[in-house]
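Asker: File model-v9.txt below, compact mmCIF, C-alpha atoms:
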```
# COMPACT_ATOMS: atom_id res chain seq x y z
CA MET D 1 7.32 7.31 -5.00
CA TYR D 2 4.60 6.09 -2.69
CA VAL D 3 2.75 3.33 -4.46
CA GLN D 4 3.15 -0.40 -4.23
CA PRO D 5 4.68 -1.59 -7.51
CA ALA D 6 2.28 -3.96 -9.25
CA VAL D 7 3.60 -6.88 -11.24
CA ALA D 8 1.82 -8.66 -14.09
CA GLY D 9 3.67 -11.04 -16.36
CA ASP D 10 7.14 -9.65 -16.90
CA THR D 11 6.16 -6.02 -16.38
CA VAL D 12 6.18 -3.94 -13.23
CA TYR D 13 3.84 -0.95 -13.02
CA ALA D 14 4.36 2.04 -10.77
CA GLY D 15 3.20 5.65 -10.58
CA SER D 16 5.45 8.37 -9.28
CA CYS D 17 4.94 11.42 -7.11
CA SER D 18 6.19 13.49 -10.04
CA GLY D 19 3.16 12.63 -12.11
CA THR D 20 4.32 9.93 -14.49
CA TYR D 21 3.12 6.38 -14.66
CA TYR D 22 5.63 3.74 -15.75
CA ALA D 23 5.59 0.22 -17.10
CA LEU D 24 9.04 -1.34 -16.78
CA ASN D 25 10.57 -4.59 -17.89
CA ALA D 26 10.70 -6.54 -14.62
CA GLN D 27 13.96 -8.22 -15.58
CA THR D 28 15.91 -5.19 -16.73
CA GLY D 29 14.15 -2.03 -15.57
CA GLU D 30 13.82 -0.77 -19.14
CA VAL D 31 10.84 1.49 -19.80
CA ARG D 32 8.13 -0.19 -21.84
CA TRP D 33 5.85 2.81 -21.77
CA SER D 34 5.09 5.83 -19.65
CA PHE D 35 2.23 8.27 -19.23
CA ASP D 36 2.66 11.87 -18.20
CA THR D 37 -0.39 13.20 -16.33
CA SER D 38 0.40 16.78 -17.35
CA VAL D 39 -1.43 16.08 -20.62
CA ASP D 40 -4.60 16.37 -18.53
CA GLY D 41 -3.69 19.65 -16.85
CA GLN D 42 -1.55 20.07 -13.78
CA PRO D 43 0.90 17.26 -13.12
CA ALA D 44 -0.77 14.91 -10.67
CA THR D 45 0.66 12.37 -8.27
CA PHE D 46 0.02 8.70 -7.70
CA HIS D 47 -0.59 7.40 -4.19
CA THR D 48 -3.09 4.66 -4.82
CA ASN D 49 -2.26 1.08 -5.60
CA PRO D 50 -3.41 -0.01 -9.04
CA LEU D 51 -5.64 -2.84 -10.12
CA ILE D 52 -4.64 -5.29 -12.80
CA HIS D 53 -7.70 -6.46 -14.71
CA GLY D 54 -7.13 -8.50 -17.85
CA GLU D 55 -5.27 -6.30 -20.27
CA LEU D 56 -5.86 -3.18 -18.18
CA VAL D 57 -3.98 -1.51 -15.39
CA VAL D 58 -6.33 0.82 -13.53
CA THR D 59 -5.03 3.54 -11.26
CA ALA D 60 -5.94 7.00 -9.97
CA THR D 61 -4.35 10.35 -9.21
CA ASP D 62 -4.36 13.11 -6.68
CA GLY D 63 -2.31 16.24 -6.25
CA ALA D 64 -3.96 18.30 -8.97
CA ALA D 65 -7.22 20.21 -8.59
CA ASP D 66 -9.17 17.23 -9.84
CA GLY D 67 -8.29 13.59 -9.84
CA TYR D 68 -8.54 11.11 -12.64
CA ILE D 69 -9.04 7.39 -12.72
CA TYR D 70 -7.09 5.93 -15.64
CA ALA D 71 -7.32 2.56 -17.31
CA PHE D 72 -4.19 1.93 -19.36
CA ASP D 73 -3.62 -0.81 -21.88
CA ARG D 74 -1.07 -2.95 -20.06
CA LYS D 75 1.02 -3.56 -23.14
CA THR D 76 0.98 -0.19 -24.87
CA GLY D 77 0.06 2.37 -22.22
CA ALA D 78 -2.78 3.67 -24.37
CA VAL D 79 -5.53 5.24 -22.26
CA ARG D 80 -8.49 2.89 -22.72
CA TRP D 81 -10.67 5.13 -20.58
CA LYS D 82 -10.39 7.83 -17.98
CA LYS D 83 -12.82 9.27 -15.49
CA LEU D 84 -12.56 12.79 -14.14
CA LEU D 85 -13.44 13.13 -10.48
CA MET D 86 -14.34 16.77 -9.91
CA HIS D 87 -12.48 17.85 -6.78
CA GLY D 88 -11.83 14.20 -6.14
CA GLN D 89 -8.42 13.13 -4.94
CA VAL D 90 -7.96 9.39 -4.82
CA VAL D 91 -5.29 8.21 -2.41
CA ALA D 92 -6.91 5.04 -1.07
CA ASP D 93 -6.22 1.84 -2.94
CA LEU D 94 -8.61 0.95 -5.73
CA VAL D 95 -10.61 -2.19 -5.08
CA GLN D 96 -12.66 -4.44 -7.31
CA ALA D 97 -15.69 -6.71 -7.09
CA GLY D 98 -16.65 -8.53 -10.25
CA ALA D 99 -16.86 -6.09 -13.15
CA ALA D 100 -16.78 -2.99 -10.97
CA VAL D 101 -13.88 -0.97 -9.65
CA PHE D 102 -14.32 1.26 -6.60
CA ALA D 103 -12.44 4.48 -5.90
CA LEU D 104 -12.77 6.34 -2.64
CA ALA D 105 -11.98 10.03 -2.94
CA TYR D 106 -10.22 11.64 -0.01
CA GLU D 107 -12.86 14.32 0.13
CA GLY D 108 -16.05 13.13 -1.39
CA HIS D 109 -17.59 9.86 -2.13
CA LEU D 110 -17.11 6.30 -3.19
CA VAL D 111 -17.59 5.89 -6.92
CA ALA D 112 -18.26 2.57 -8.59
CA LEU D 113 -17.21 2.26 -12.24
CA ALA D 114 -17.49 -0.48 -14.83
CA VAL D 115 -13.92 -1.70 -15.13
CA GLU D 116 -14.19 -2.35 -18.86
CA ASP D 117 -15.24 1.13 -19.95
CA GLY D 118 -15.23 3.46 -16.93
CA ARG D 119 -18.98 3.94 -16.97
CA GLU D 120 -20.24 5.25 -13.63
CA LEU D 121 -22.47 2.70 -11.91
CA TRP D 122 -23.26 4.37 -8.61
CA THR D 123 -21.83 6.61 -5.92
CA PHE D 124 -21.97 6.66 -2.15
CA PRO D 125 -23.05 8.83 -0.52
CA PRO D 126 -25.00 10.66 -3.21
CA VAL D 127 -22.86 13.42 -4.61
CA GLU D 128 -25.07 16.14 -3.19
CA ALA D 129 -24.49 14.95 0.36
CA PRO D 130 -22.13 17.11 2.40
CA ASP D 131 -20.42 14.25 4.17
CA GLU D 132 -16.75 13.71 3.66
CA LEU D 133 -15.78 10.10 3.79
CA GLY D 134 -12.12 9.78 2.95
CA GLY D 135 -10.64 6.60 4.31
CA TYR D 136 -10.28 3.12 2.89
CA ALA D 137 -12.29 0.45 1.12
CA ILE D 138 -12.02 -3.28 0.60
CA THR D 139 -14.26 -5.81 -1.07
CA ALA D 140 -15.26 -9.32 -0.08
CA GLY D 141 -17.60 -11.26 -2.30
CA GLU D 142 -20.38 -8.93 -3.34
CA VAL D 143 -19.87 -6.44 -0.54
CA VAL D 144 -17.82 -3.24 -0.41
CA TYR D 145 -16.67 -2.18 3.04
CA LEU D 146 -15.44 1.32 3.59
CA ALA D 147 -14.26 3.21 6.60
CA GLY D 148 -13.12 6.75 6.99
CA ARG D 149 -13.04 10.04 8.75
CA ASP D 150 -16.79 10.01 9.32
CA ARG D 151 -15.99 7.52 12.12
CA HIS D 152 -18.14 4.83 10.57
CA VAL D 153 -17.66 1.56 8.78
CA HIS D 154 -20.15 1.08 5.94
CA ALA D 155 -21.09 -2.16 4.24
CA LEU D 156 -22.55 -1.63 0.78
CA ARG D 157 -23.89 -4.03 -1.77
CA ALA D 158 -21.39 -3.97 -4.63
CA GLU D 159 -24.06 -4.29 -7.26
CA ASP D 160 -25.93 -1.08 -6.49
CA GLY D 161 -24.44 0.58 -3.42
CA GLN D 162 -27.35 -0.27 -1.17
CA VAL D 163 -26.39 0.12 2.49
CA LEU D 164 -26.32 -3.25 4.26
CA TRP D 165 -25.19 -1.86 7.59
CA GLN D 166 -23.31 1.06 9.11
CA ARG D 167 -21.42 1.08 12.39
CA SER D 168 -20.10 4.03 14.36
CA LEU D 169 -16.65 3.51 15.84
CA GLY D 170 -16.48 6.78 17.72
CA ALA D 171 -13.11 7.63 16.22
CA SER D 172 -11.68 8.24 12.77
CA VAL D 173 -10.32 5.27 10.93
CA ASN D 174 -6.58 5.44 10.44
CA THR D 175 -5.66 2.10 8.90
CA THR D 176 -6.82 0.09 5.96
CA LEU D 177 -9.53 -2.46 6.56
CA ALA D 178 -8.45 -6.08 6.78
CA MET D 179 -10.61 -9.16 6.42
CA ARG D 180 -10.09 -12.54 8.03
CA GLY D 181 -12.88 -15.04 7.58
CA GLU D 182 -16.09 -13.28 8.54
CA GLN D 183 -14.32 -10.65 10.62
CA LEU D 184 -13.30 -7.13 9.67
CA TYR D 185 -10.40 -5.38 11.37
CA VAL D 186 -9.59 -1.70 11.46
CA GLY D 187 -7.44 0.69 13.49
CA CYS D 188 -8.58 4.09 14.70
CA THR D 189 -7.19 7.34 16.01
CA ASP D 190 -8.34 6.45 19.53
CA ASP D 191 -5.38 4.02 19.71
CA ARG D 192 -7.52 0.96 19.27
CA LEU D 193 -7.95 -1.89 16.87
CA TYR D 194 -11.52 -3.00 16.29
CA ARG D 195 -12.94 -6.29 15.09
CA LEU D 196 -16.40 -6.27 13.52
CA ASP D 197 -18.65 -9.03 12.35
CA ALA D 198 -18.70 -8.59 8.58
CA LYS D 199 -22.33 -9.64 8.25
CA SER D 200 -23.85 -7.50 10.96
CA GLY D 201 -21.28 -4.81 11.70
CA GLU D 202 -21.37 -5.67 15.39
CA ILE D 203 -18.15 -4.80 17.20
CA THR D 204 -16.88 -8.08 18.60
CA ALA D 205 -13.48 -7.10 20.03
CA ARG D 206 -11.24 -4.14 20.82
CA PHE D 207 -7.54 -3.87 21.50
CA GLU D 208 -5.65 -0.89 22.92
CA THR D 209 -2.49 -0.37 20.90
CA GLU D 210 0.88 0.87 22.07
CA GLU D 211 0.93 3.51 19.35
CA SER D 212 -1.89 4.92 17.29
CA PRO D 213 -2.23 2.44 14.44
CA GLY D 214 -1.71 3.59 10.86
CA GLY D 215 -1.01 2.30 7.37
CA LYS D 216 -2.08 -1.10 6.23
CA LEU D 217 -3.38 -3.82 8.51
CA VAL D 218 -2.18 -7.27 7.49
CA ALA D 219 -4.36 -10.26 8.34
CA LEU D 220 -2.27 -13.39 8.77
CA PRO D 221 -3.63 -16.86 9.61
CA GLY D 222 -2.67 -16.44 13.25
CA ALA D 223 -2.26 -12.72 13.73
CA ILE D 224 -3.29 -9.22 12.82
CA VAL D 225 -0.26 -7.04 12.13
CA TYR D 226 -0.38 -3.28 12.52
CA LEU D 227 2.04 -0.39 12.27
CA GLY D 228 2.23 2.69 14.40
CA GLN D 229 1.09 5.93 12.84
CA GLU D 230 3.91 7.35 10.74
CA PRO D 231 6.60 8.22 11.66
CA SER D 232 6.48 4.87 13.38
CA THR D 233 8.98 2.77 15.28
CA LEU D 234 6.57 -0.09 15.82
CA ILE D 235 5.30 -3.09 13.93
CA ALA D 236 3.24 -5.34 16.16
CA ALA D 237 1.09 -8.44 15.93
CA VAL D 238 -1.96 -9.27 18.01
CA ASP D 239 -3.97 -12.45 18.03
CA PRO D 240 -7.10 -12.58 15.83
CA ASP D 241 -9.34 -12.36 18.91
CA LEU D 242 -7.62 -9.07 19.80
CA SER D 243 -6.96 -10.39 23.27
CA LYS D 244 -3.17 -10.17 23.48
CA LEU D 245 -0.02 -8.81 21.93
CA LEU D 246 1.93 -11.56 20.20
CA TRP D 247 5.11 -9.70 19.29
CA LYS D 248 6.47 -6.34 18.31
CA ALA D 249 9.43 -5.18 16.26
CA GLU D 250 10.85 -1.83 17.29
CA SER D 251 13.92 0.36 17.01
CA ARG D 252 13.36 1.24 13.39
CA SER D 253 11.62 4.09 11.71
CA TRP D 254 9.39 2.05 9.45
CA THR D 255 8.40 3.85 6.27
CA THR D 256 6.78 1.05 4.29
CA VAL D 257 3.20 1.74 5.30
CA ARG D 258 2.02 -1.38 3.49
CA PRO D 259 4.05 -4.33 4.79
CA LEU D 260 4.10 -7.19 2.31
CA LEU D 261 3.66 -10.86 3.12
CA TRP D 262 6.04 -12.58 0.73
CA GLN D 263 7.66 -16.00 0.79
CA ASP D 264 6.56 -16.63 4.38
CA HIS D 265 8.04 -13.38 5.63
CA LEU D 266 6.59 -10.00 6.43
CA VAL D 267 8.66 -7.55 4.42
CA ALA D 268 9.15 -4.01 5.70
CA GLY D 269 11.59 -1.19 5.12
CA ASP D 270 12.81 1.81 6.99
CA ARG D 271 13.88 5.41 6.63
CA GLY D 272 17.51 4.37 6.44
CA GLY D 273 17.05 2.19 3.36
CA THR D 274 17.16 -1.18 5.09
CA LEU D 275 14.80 -3.88 3.92
CA VAL D 276 13.97 -6.71 6.32
CA GLY D 277 12.02 -9.93 6.30
CA LEU D 278 10.28 -10.56 9.61
CA ASP D 279 9.24 -13.98 10.78
CA PRO D 280 5.45 -13.56 11.12
CA ALA D 281 5.44 -16.03 14.00
CA ASP D 282 7.55 -13.97 16.37
CA GLY D 283 8.67 -10.77 14.62
CA THR D 284 12.35 -11.68 14.54
CA ILE D 285 14.37 -10.59 11.54
CA ALA D 286 15.01 -13.49 9.18
CA TRP D 287 16.97 -11.51 6.61
CA SER D 288 17.90 -7.97 5.72
CA GLY D 289 19.29 -5.99 2.82
CA GLU D 290 20.54 -2.46 2.24
CA LEU D 291 19.03 -0.42 -0.58
CA GLY D 292 19.26 3.26 0.30
CA GLY D 293 16.66 5.99 0.45
CA GLN D 294 13.46 5.94 2.43
CA LEU D 295 11.73 2.73 1.48
CA ARG D 296 8.03 3.01 0.73
CA GLY D 297 6.18 0.78 -1.72
CA LEU D 298 6.65 -2.98 -1.87
CA GLY D 299 5.75 -5.38 -4.64
CA ALA D 300 6.98 -8.85 -5.57
CA ARG D 301 7.28 -11.42 -8.29
CA ASP D 302 8.74 -14.88 -7.74
CA ASP D 303 12.15 -14.30 -6.19
CA THR D 304 12.32 -10.55 -6.80
CA LEU D 305 11.08 -7.72 -4.64
CA PHE D 306 10.28 -4.33 -6.14
CA VAL D 307 10.85 -1.50 -3.70
CA GLY D 308 10.02 2.15 -4.24
CA THR D 309 11.54 5.00 -2.27
CA ILE D 310 10.24 8.39 -1.28
CA GLU D 311 13.07 9.92 -3.29
CA GLY D 312 11.70 8.28 -6.43
CA LYS D 313 13.92 5.25 -6.94
CA LEU D 314 12.45 1.89 -7.82
CA TYR D 315 14.65 -1.08 -6.98
CA ALA D 316 14.45 -4.65 -8.16
CA TYR D 317 15.92 -6.71 -5.36
CA TRP D 318 16.72 -10.30 -6.12
CA MET D 319 16.46 -12.69 -3.22
CA VAL D 320 18.96 -15.47 -2.89
CA ALA D 321 17.13 -18.71 -2.23
CA GLU D 322 19.03 -21.11 -0.05
CA SER D 323 19.12 -24.86 -0.18
CA GLU D 324 18.70 -26.93 2.93
CA SER D 325 22.45 -26.88 3.34
CA GLY D 326 22.37 -23.11 3.32
CA ALA D 327 24.13 -22.63 0.01
CA ALA D 328 22.78 -20.37 -2.70
CA SER D 329 20.85 -22.57 -5.08
CA VAL D 330 19.25 -20.48 -7.76
CA ASN D 331 20.47 -18.74 -10.85
CA PRO D 332 22.73 -15.76 -10.24
CA PRO D 333 21.24 -12.33 -10.89
CA PRO D 334 22.07 -10.44 -14.04
CA THR D 335 24.45 -7.54 -13.92
CA ARG D 336 23.19 -4.61 -11.93
CA SER D 337 22.07 -1.70 -14.02
CA SER D 338 20.83 1.74 -13.26
CA THR D 339 18.48 3.68 -15.47
CA ARG D 340 17.10 7.17 -15.59
CA ARG D 341 13.61 8.16 -16.47
CA PRO D 342 13.23 9.52 -19.96
CA ARG D 343 13.24 13.29 -20.28
CA MET A 1 -4.24 7.80 3.97
CA PRO A 2 -2.57 11.18 3.95
CA ARG A 3 -4.02 14.06 2.01
CA THR A 4 -2.68 15.04 -1.36
CA GLY A 5 1.06 14.85 -1.47
CA ARG A 6 1.33 14.75 2.28
CA ALA A 7 2.59 11.23 2.19
CA CYS A 8 5.66 12.38 0.33
CA MET A 9 6.26 15.37 2.54
CA LEU A 10 5.84 13.50 5.77
CA SER A 11 8.46 11.05 4.83
CA ARG A 12 10.94 13.72 4.00
CA GLU A 13 10.80 14.88 7.58
CA GLY A 14 13.17 13.61 10.16
CA ARG A 15 16.18 12.91 8.04
CA GLY A 16 18.22 14.54 10.78
CA VAL A 17 17.36 11.81 13.20
CA ARG A 18 18.70 9.09 10.96
CA SER A 19 21.91 8.74 12.92
CA ALA A 20 19.95 8.47 16.14
CA ILE A 21 17.81 5.78 14.61
CA VAL A 22 20.91 3.88 13.60
CA LEU A 23 22.20 4.10 17.16
CA LEU A 24 18.87 2.86 18.45
CA TRP A 25 19.09 0.03 16.00
CA VAL A 26 22.53 -0.96 17.18
CA ALA A 27 21.48 -0.79 20.80
CA GLY A 28 18.05 -2.21 20.20
CA SER A 29 16.51 -5.50 21.01
CA VAL A 30 16.51 -6.95 17.53
CA ALA A 31 19.41 -8.59 15.79
CA VAL A 32 20.65 -7.64 12.33
CA ALA A 33 20.36 -10.54 9.92
CA ALA A 34 22.79 -11.25 7.13
CA PRO A 35 22.08 -9.69 3.74
CA ALA A 36 19.94 -11.98 1.66
CA GLY A 37 19.94 -10.62 -1.86
CA SER A 38 21.26 -8.08 -4.31
CA VAL A 39 20.00 -5.21 -6.41
CA LEU A 40 19.26 -6.26 -9.99
CA TRP A 41 18.48 -2.81 -11.24
CA ASP A 42 17.18 0.52 -10.11
CA PHE A 43 15.16 3.13 -11.90
CA ASP A 44 14.67 6.80 -11.12
CA THR A 45 11.01 7.79 -11.46
CA GLY A 46 11.84 11.39 -10.64
CA GLY A 47 9.89 11.70 -7.43
```
Could you show the structure in this file as C-alpha cells?
Answerer:
Amino acid sequence: MYVQPAVAGDTVYAGSCSGTYYALNAQTGEVRWSFDTSVDGQPATFHTNPLIHGELVVTATDGAADGYIYAFDRKTGAVRWKKLLMHGQVVADLVQAGAAVFALAYEGHLVALAVEDGRELWTFPPVEAPDELGGYAITAGEVVYLAGRDRHVHALRAEDGQVLWQRSLGASVNTTLAMRGEQLYVGCTDDRLYRLDAKSGEITARFETEESPGGKLVALPGAIVYLGQEPSTLIAAVDPDLSKLLWKAESRSWTTVRPLLWQDHLVAGDRGGTLVGLDPADGTIAWSGELGGQLRGLGARDDTLFVGTIEGKLYAYWMVAESESGAASVNPPPTRSSTRRPR
Amino acid sequence: MPRTGRACMLSREGRGVRSAIVLLWVAGSVAVAAPAGSVLWDFDTGG
C-alpha cells in the first residue's frame, strides 16, 4: 500500500497495490465498502492520493494498460463517474481548483476534469504533442503548477489551461512542488532545491542538497523539509530563503515519502516499522512508536494516525495526549482488533 | 513519482540491510523517544 490514507468524517479511504479501494470505519477498521478495479479489466494499483469533494472521493489508478480516474460515492462506494485515460498511468497526487480536478499522467498529459461529472475540460499539452510530462502538480488559487521530467515548471490558468509561464530548470523534477506564500519550491535530480517566484517563474534561490531530493517537499512556516531520494537515510530542513541547512535527521531508512505535519510534529516512518514524530524546529525525535512493516502512507484524524505499509497493512495508531504534568489525559483506546480484507 | 508499480518494488528491496540499519540507529546521533501511542486496529489490504 502506497497511498496516503484520506479521512473524511468517520471513514478512512485507501487504495491498495493489489487493486482494491477501501472505505473503512475509522474507529474500528471495519469495511464499509470496497471497489475491485478488475471489473474494468486488469487489476490496477493505486499510488495517487485521493481528493475528497463533497460526497465524492476521487482517485486514480495505474498498473494496468490504461488508467482510470474514479469518483466514488463516499458513503456507498457507487461509481458516480469514471474517466478512462488511454495509456495514462496516474501516480501523481490529484489536485483541485474550484470545480476542476487535475490528473497528471506519468506518460502523457495533464487532464482537467469537472469534479462533479468527470467531463473533460482541457488537457495540457494537447494530446497530439509528443512530450512526456510525468511529474507533479499543485494548485494555488486559479493557477495549476506542474513540474516533471521535461525539466520545466509550467504555470497554467486553471480555467482553460492557458500557459502563464514556463521555466526550464535544467534537470528533471524529482520532488513534489511546495508552495509558501508567493514562492514555489521543487527538488531536482541535479541535487538541488529551487525556489521560483510563483507569479513570474523566475528562479530566486538554489540550494545544493546532501542527497538527491525525492518524495514530497513540506513547506513549514520557517523551513522547507525534503527527503533524500529513496532509499533515503536523510530528512533535512533548509530555511525558506534556501541559504542554509537548519537540521537533518539521519540514521534511518525513511520509507514514508510524504512526511505528514500533524499536531506540531513532522511524522515519518521507516523500513523497520518505526513511526516517529520529529520536532520541526530542530529535527529531534519527540516521540516514536513501533508498528511493523515498511511504513509508507500517512494520514490523520484528531488523535489517530493512519499508517499504510508496503506489505499492505493499514494501521490506526492512537496517540496518547499528555497533560502538562505528563500523565495520559484522554480516553483510553478501544481494544485492538485485526481484520482481513474480504475475499 | 515512480513508474507503475515501481514504488512497491523499490520498497521491497533492501530488507537484508534491516539489521544494519538498526545498528546504525543504535549508534546514530539521534535518540530514541518513548513510545507515544498504541495500535487501535489494523487491516490487511492485500498489497
Asker: Around (5.8, -11.3, -2.2) in the file's frame, which residues reach within 12 Å when counting all atoms listed in the file? Return as a JSON list (two decimals) with C-alpha atoms, in the frame of the given file?
Answerer:
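And here's selection00.json as it stands now:
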```json
[["chain", "number", "residue", "atom", "x", "y", "z"],
["D", 4, "GLN", "CA", 3.15, -0.40, -4.23],
["D", 5, "PRO", "CA", 4.68, -1.59, -7.51],
["D", 6, "ALA", "CA", 2.28, -3.96, -9.25],
["D", 7, "VAL", "CA", 3.60, -6.88, -11.24],
["D", 259, "PRO", "CA", 4.05, -4.33, 4.79],
["D", 260, "LEU", "CA", 4.10, -7.19, 2.31],
["D", 261, "LEU", "CA", 3.66, -10.86, 3.12],
["D", 262, "TRP", "CA", 6.04, -12.58, 0.73],
["D", 263, "GLN", "CA", 7.66, -16.00, 0.79],
["D", 264, "ASP", "CA", 6.56, -16.63, 4.38],
["D", 265, "HIS", "CA", 8.04, -13.38, 5.63],
["D", 266, "LEU", "CA", 6.59, -10.00, 6.43],
["D", 267, "VAL", "CA", 8.66, -7.55, 4.42],
["D", 268, "ALA", "CA", 9.15, -4.01, 5.70],
["D", 277, "GLY", "CA", 12.02, -9.93, 6.30],
["D", 298, "LEU", "CA", 6.65, -2.98, -1.87],
["D", 299, "GLY", "CA", 5.75, -5.38, -4.64],
["D", 300, "ALA", "CA", 6.98, -8.85, -5.57],
["D", 301, "ARG", "CA", 7.28, -11.42, -8.29],
["D", 302, "ASP", "CA", 8.74, -14.88, -7.74],
["D", 303, "ASP", "CA", 12.15, -14.30, -6.19],
["D", 304, "THR", "CA", 12.32, -10.55, -6.80],
["D", 305, "LEU", "CA", 11.08, -7.72, -4.64],
["D", 306, "PHE", "CA", 10.28, -4.33, -6.14],
["D", 307, "VAL", "CA", 10.85, -1.50, -3.70],
["D", 317, "TYR", "CA", 15.92, -6.71, -5.36],
["D", 318, "TRP", "CA", 16.72, -10.30, -6.12],
["D", 319, "MET", "CA", 16.46, -12.69, -3.22]]
```
Asker: For Ser253 in chain D, find every residue with an atom within 9 Å (counting only C-alpha atoms), except residues of its own chain fewer than 3 positions away, and show them as a PyMOL selection string.
Answerer: (chain D and resi 230-234+250+269-272) or (chain A and resi 18+21)
Asker: State, in Å with one decimal place, the distance from CA of Asp66 in chain D to CA of Arg296 in chain D.
Answerer: 24.7 Å
Asker: Counting only C-alpha atoms, figure out which residue out of D:Ala99, D:Asp241, D:Gln162, D:Ala105 gets nearest to chain A.
Answerer: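 When distances to chain A are compared using only C-alpha atoms, the smallest one comes from D:Ala105.
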Asker: Between CA of Gly170 in chain D and CA of Ala112 in chain D, what is the distance, to one decimal in Å?
Answerer: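 Distance between the two atoms: 26.7 Å.
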Asker: Using all atoms listed in the file, pick whichever of D:Gly187, D:Gly15, D:Pro43, D:Gly222 has the shortest atom-to-atom distance to chain A.
Answerer: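 Checking each of D:Gly187, D:Gly15, D:Pro43, D:Gly222 against chain A, counting all atoms listed in the file, the winner is D:Gly15.
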Asker: Work out how far apart CA of Gly148 in chain D and CA of Val173 in chain D are and give it in Å to one decimal.
Answerer: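 Interatomic distance, CA of Gly148 in chain D to CA of Val173 in chain D: 5.1 Å.
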Asker: Applying 6 Å and all atoms listed in the file, which residues near Gly47 in chain A remain after dropping the ones on its own chain fewer than 5 positions away? List them as a PyMOL selection string.
Answerer: chain D and resi 1+16-18+311-312
Asker: Scan for residues within 12 Å of the point (-3.5, 1.3, 1.1) in the coordinates of the file, using only C-alpha atoms, and reply as a VMD selection string.
Answerer: (chain D and resid 2 to 4 47 to 50 90 to 95 103 to 104 135 to 138 174 to 178 214 to 218 256 to 260 296 to 298) or (chain A and resid 1 to 2 7)
Asker: Quick one: write out the picked residues with C-alpha atoms as a short mmCIF file (atom, residue, chain, number, x, y, z; two decimals), in the frame of the given file?
Answerer:
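Output contents, as saved in result_26.cif:
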```cif
data_model
loop_
_atom_site.label_atom_id
_atom_site.label_comp_id
_atom_site.auth_asym_id
_atom_site.auth_seq_id
_atom_site.Cartn_x
_atom_site.Cartn_y
_atom_site.Cartn_z
CA TYR D 2 4.60 6.09 -2.69
CA VAL D 3 2.75 3.33 -4.46
CA GLN D 4 3.15 -0.40 -4.23
CA HIS D 47 -0.59 7.40 -4.19
CA THR D 48 -3.09 4.66 -4.82
CA ASN D 49 -2.26 1.08 -5.60
CA PRO D 50 -3.41 -0.01 -9.04
CA VAL D 90 -7.96 9.39 -4.82
CA VAL D 91 -5.29 8.21 -2.41
CA ALA D 92 -6.91 5.04 -1.07
CA ASP D 93 -6.22 1.84 -2.94
CA LEU D 94 -8.61 0.95 -5.73
CA VAL D 95 -10.61 -2.19 -5.08
CA ALA D 103 -12.44 4.48 -5.90
CA LEU D 104 -12.77 6.34 -2.64
CA GLY D 135 -10.64 6.60 4.31
CA TYR D 136 -10.28 3.12 2.89
CA ALA D 137 -12.29 0.45 1.12
CA ILE D 138 -12.02 -3.28 0.60
CA ASN D 174 -6.58 5.44 10.44
CA THR D 175 -5.66 2.10 8.90
CA THR D 176 -6.82 0.09 5.96
CA LEU D 177 -9.53 -2.46 6.56
CA ALA D 178 -8.45 -6.08 6.78
CA GLY D 214 -1.71 3.59 10.86
CA GLY D 215 -1.01 2.30 7.37
CA LYS D 216 -2.08 -1.10 6.23
CA LEU D 217 -3.38 -3.82 8.51
CA VAL D 218 -2.18 -7.27 7.49
CA THR D 256 6.78 1.05 4.29
CA VAL D 257 3.20 1.74 5.30
CA ARG D 258 2.02 -1.38 3.49
CA PRO D 259 4.05 -4.33 4.79
CA LEU D 260 4.10 -7.19 2.31
CA ARG D 296 8.03 3.01 0.73
CA GLY D 297 6.18 0.78 -1.72
CA LEU D 298 6.65 -2.98 -1.87
CA MET A 1 -4.24 7.80 3.97
CA PRO A 2 -2.57 11.18 3.95
CA ALA A 7 2.59 11.23 2.19
#
```
Asker: Taking only C-alpha atoms into account, which of D:Thr123, D:Thr209, D:Thr59, D:Thr309 comes nearest chain A?
Answerer: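 Answer, going by the shortest atom-to-atom distance: D:Thr309.
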Asker: Output as a short mmCIF file (atom, residue, chain, number, x, y, z; two decimals), in the coordinates of the input: range 185-194 of chain D, completed with N, CA and C atoms.
Answerer:
```cif
data_model
loop_
_atom_site.label_atom_id
_atom_site.label_comp_id
_atom_site.auth_asym_id
_atom_site.auth_seq_id
_atom_site.Cartn_x
_atom_site.Cartn_y
_atom_site.Cartn_z
N TYR D 185 -11.27 -6.03 10.41
CA TYR D 185 -10.40 -5.38 11.37
C TYR D 185 -10.06 -3.98 10.88
N VAL D 186 -9.95 -3.06 11.82
CA VAL D 186 -9.59 -1.70 11.46
C VAL D 186 -8.97 -1.01 12.67
N GLY D 187 -8.06 -0.08 12.41
CA GLY D 187 -7.44 0.69 13.49
C GLY D 187 -7.89 2.14 13.45
N CYS D 188 -8.02 2.74 14.62
CA CYS D 188 -8.58 4.09 14.70
C CYS D 188 -7.65 5.03 15.47
N THR D 189 -8.00 6.31 15.37
CA THR D 189 -7.19 7.34 16.01
C THR D 189 -7.34 7.35 17.53
N ASP D 190 -8.21 6.55 18.07
CA ASP D 190 -8.34 6.45 19.53
C ASP D 190 -7.40 5.37 20.09
N ASP D 191 -6.39 5.01 19.30
CA ASP D 191 -5.38 4.02 19.71
C ASP D 191 -5.99 2.65 19.97
N ARG D 192 -6.90 2.27 19.13
CA ARG D 192 -7.52 0.96 19.27
C ARG D 192 -7.62 0.26 17.92
N LEU D 193 -7.53 -1.06 17.98
CA LEU D 193 -7.95 -1.89 16.87
C LEU D 193 -9.36 -2.39 17.17
N TYR D 194 -10.16 -2.50 16.13
CA TYR D 194 -11.52 -3.00 16.29
C TYR D 194 -11.71 -4.23 15.41
#
```
